[in-house]
Every structure is written in structure tokens, then in C-alpha cells.
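Working notes for the structure below.
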Amino acid sequence: EVQLVESGGGLVQPGGSLRLSCAASGFPFSSHHMSWVRQAPGKELEWVSGIWADSSVTYYPNSVKGRFAISRDNANATLYLQLNNLKTEDTAMYYCTKGWGISIERGQGTQVAVSS
């Protein structure tokens with residue numbers, strides 16, 4: 001059974017930083033591309049980052065490029081997302097997903113709130 005457990009969210013001021021983590025189990029993590037998606041209240045899911053299984057390729061949409069950084073630790077089956085220079089529009093529930101892009105295989109999410 002695929003399990004993805006996100007952590008690291010919280011309330012930060014604009015300009016602040018957070019590091020999200022996702023502990024994966026139940027599948028060969030090192031063989032799968034992984035992604036982070038987010039959903040703001042009343043909005044659709046948005047793909048905010050992706051990383052190939054070997055970390056050789058990453059993806060960021062323009063909305064987060066230069067501010068977010070995805071990484072992974074295959075030895076410990078953990079996915080990370082470093083969020084820097086956070087903006088109020090980054091407020092959302094963030095989910096770790098198995099695969100490249102938006103997937104139904106995702107965790108319960110971790111809430112990020114950016115507010116002064």
C-alpha cells in the first residue's frame with residue numbers, strides 16, 4: 001500500500017521560509033518520479049514541482065520558479081520541498097504525490113499559511 005506522509009507546514013510571514021517533507025513507503029521510492037502539488041481554498045490542484053527518480057530533472061511552474069526547490073533522499077525514501085520568499089498566494093494545502101504531475105496517489109497534505 002502506497003503511503004505518503006507530509007510534514008513541515010505552518011504559519012509564516014511573507015518573505016519567510018519553510019521546508020516540507022514527505023515520508024514515502026509501500027513502493028520502490030527510488031524508481032519513481034515524485035511531485036508536489038497544492039490546493040488553495042476554492043481553487044483547483046496546482047502542480048508546483050516535480051523531480052525525476054534520479055534527481056536529474058526538476059520542474060517548476062513560473063509561479064514558484066526561483067523560490068521553491070525540490071529534492072529527494074532515495075536512501076531514506078523522503079521527498080522535500082524548500083519554500084523560500086513565501087507570498088500570501090502560496091497559502092494552500094501541499095501534497096506529495098507519486099509520479100510526474102498531479103496524481104490520485106497523494107498523502108493527507110500539510111497546510112502552509114502565509115500571512116502578516
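We name chains A, B, ... following the order of the C-alpha cells; residues begin at 1 in each chain, and ligands are numbered from 1 as shown.
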
Distance query Phe29 (chain A) at most 8 Å, only C-alpha atoms, self and fewer than 6 positions along chain excluded, as a list in words: Ala53, Asn74 and Ala77 of chain A

Filtering to N, CA and C atoms, could you give me those residues as a PDB file, in the first residue's frame?
ATOM      1  N   ALA A  53      13.290  10.353 -10.799  1.00  0.00           N
ATOM      2  CA  ALA A  53      13.730   9.352  -9.821  1.00  0.00           C
ATOM      3  C   ALA A  53      15.198   9.525  -9.449  1.00  0.00           C
ATOM      4  N   ASN A  74      16.797   9.282  -1.723  1.00  0.00           N
ATOM      5  CA  ASN A  74      16.317   7.949  -2.085  1.00  0.00           C
ATOM      6  C   ASN A  74      16.673   6.904  -1.027  1.00  0.00           C
ATOM      7  N   ALA A  77      13.926   7.313   1.395  1.00  0.00           N
ATOM      8  CA  ALA A  77      12.578   7.412   0.823  1.00  0.00           C
ATOM      9  C   ALA A  77      11.856   8.672   1.290  1.00  0.00           C
TER      10      ALA A  77
END

For Gly101 (chain A): contacts at 12 Å, only C-alpha atoms, fewer than 2 positions along chain excluded, given as a list in words: His32, His33, Met34, Ser35, Trp36, Val37, Arg38, Leu45, Glu46, Trp47, Val48, Ser49, Gly50, Ile51, Trp52, Thr58, Tyr59, Tyr60, Pro61, Tyr95, Cys96, Thr97, Lys98, Gly99, Ser103, Ile104, Glu105 and Arg106 of chain A

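DSSP annotation of region 20-64 of chain A from backbone atoms: strand (DSSP E) residues are Leu20, Ser21, Cys22, Ala23, Ala24, Ser25, Met34, Ser35, Trp36, Val37, Arg38, Gln39, Glu46, Trp47, Val48, Ser49, Gly50, Ile51, Thr58 and Tyr59 of chain A.
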
Would you save the residues from that selection as a short mmCIF file (atom, residue, chain, number, x, y, z; two decimals), in the first residue's frame, using C-alpha atoms?
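Saved result, part.cif, follows:
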data_model
loop_
_atom_site.label_atom_id
_atom_site.label_comp_id
_atom_site.auth_asym_id
_atom_site.auth_seq_id
_atom_site.Cartn_x
_atom_site.Cartn_y
_atom_site.Cartn_z
CA LEU A 20 8.24 20.42 3.66
CA SER A 21 9.00 16.72 3.96
CA CYS A 22 7.25 13.64 2.65
CA ALA A 23 7.99 10.19 4.03
CA ALA A 24 7.16 7.54 1.46
CA SER A 25 6.60 3.81 1.89
CA MET A 34 7.75 12.39 -7.48
CA SER A 35 5.90 15.67 -7.29
CA TRP A 36 4.41 18.28 -5.02
CA VAL A 37 1.01 19.76 -5.73
CA ARG A 38 -1.04 22.30 -3.82
CA GLN A 39 -4.63 23.35 -3.48
CA GLU A 46 -1.76 23.08 -8.97
CA TRP A 47 1.43 21.16 -9.78
CA VAL A 48 4.22 23.13 -8.11
CA SER A 49 7.23 20.87 -8.52
CA GLY A 50 8.44 17.55 -9.86
CA ILE A 51 11.65 15.56 -9.70
CA THR A 58 13.17 19.03 -11.99
CA TYR A 59 10.09 21.04 -12.86
#

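Shortest separation to Leu86 (chain A) among A:Ser116, A:Asn62, A:Gln13, A:Gln3 occurs at residue A:Gln13, atoms counted being only C-alpha atoms.
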
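Using only C-alpha atoms, the nearest neighbour of Thr91 (chain A) within the list A:Ser55, A:Gln111, A:Ser31, A:Ser17 is A:Gln111.
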
Spatial neighbours of Val114 (chain A), max dist 7 Å, only C-alpha atoms, sep filter under 2 positions, as a PyMOL selection string: chain A and resi 11-14+86-88+90-91+112

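Close contacts of Asn84 (chain A), defined as residues with an atom at most 9 Å away when counting only C-alpha atoms, with chain neighbours fewer than 6 positions off set aside, comprise Gly15, Gly16, Ser17, Leu18, Arg19, Gly66, Arg67, Phe68 and Ala69 of chain A.
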
Go ahead and save the picked residues with C-alpha atoms, as a tab-separated table (two decimals), in the first residue's frame.
chain	number	residue	atom	x	y	z
A	15	GLY	CA	9.15	36.51	2.84
A	16	GLY	CA	9.58	33.60	5.20
A	17	SER	CA	10.67	30.05	4.52
A	18	LEU	CA	9.51	26.52	5.23
A	19	ARG	CA	10.82	23.07	4.41
A	66	GLY	CA	13.35	30.65	-8.20
A	67	ARG	CA	11.60	30.42	-4.84
A	68	PHE	CA	10.88	26.70	-4.38
A	69	ALA	CA	13.39	23.85	-4.55

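Each of A:Ser30, A:Ser7, A:Thr110, A:Asn85 was checked against Arg72 (chain A) using only C-alpha atoms; the smallest atom-to-atom distance is that of A:Ser30.
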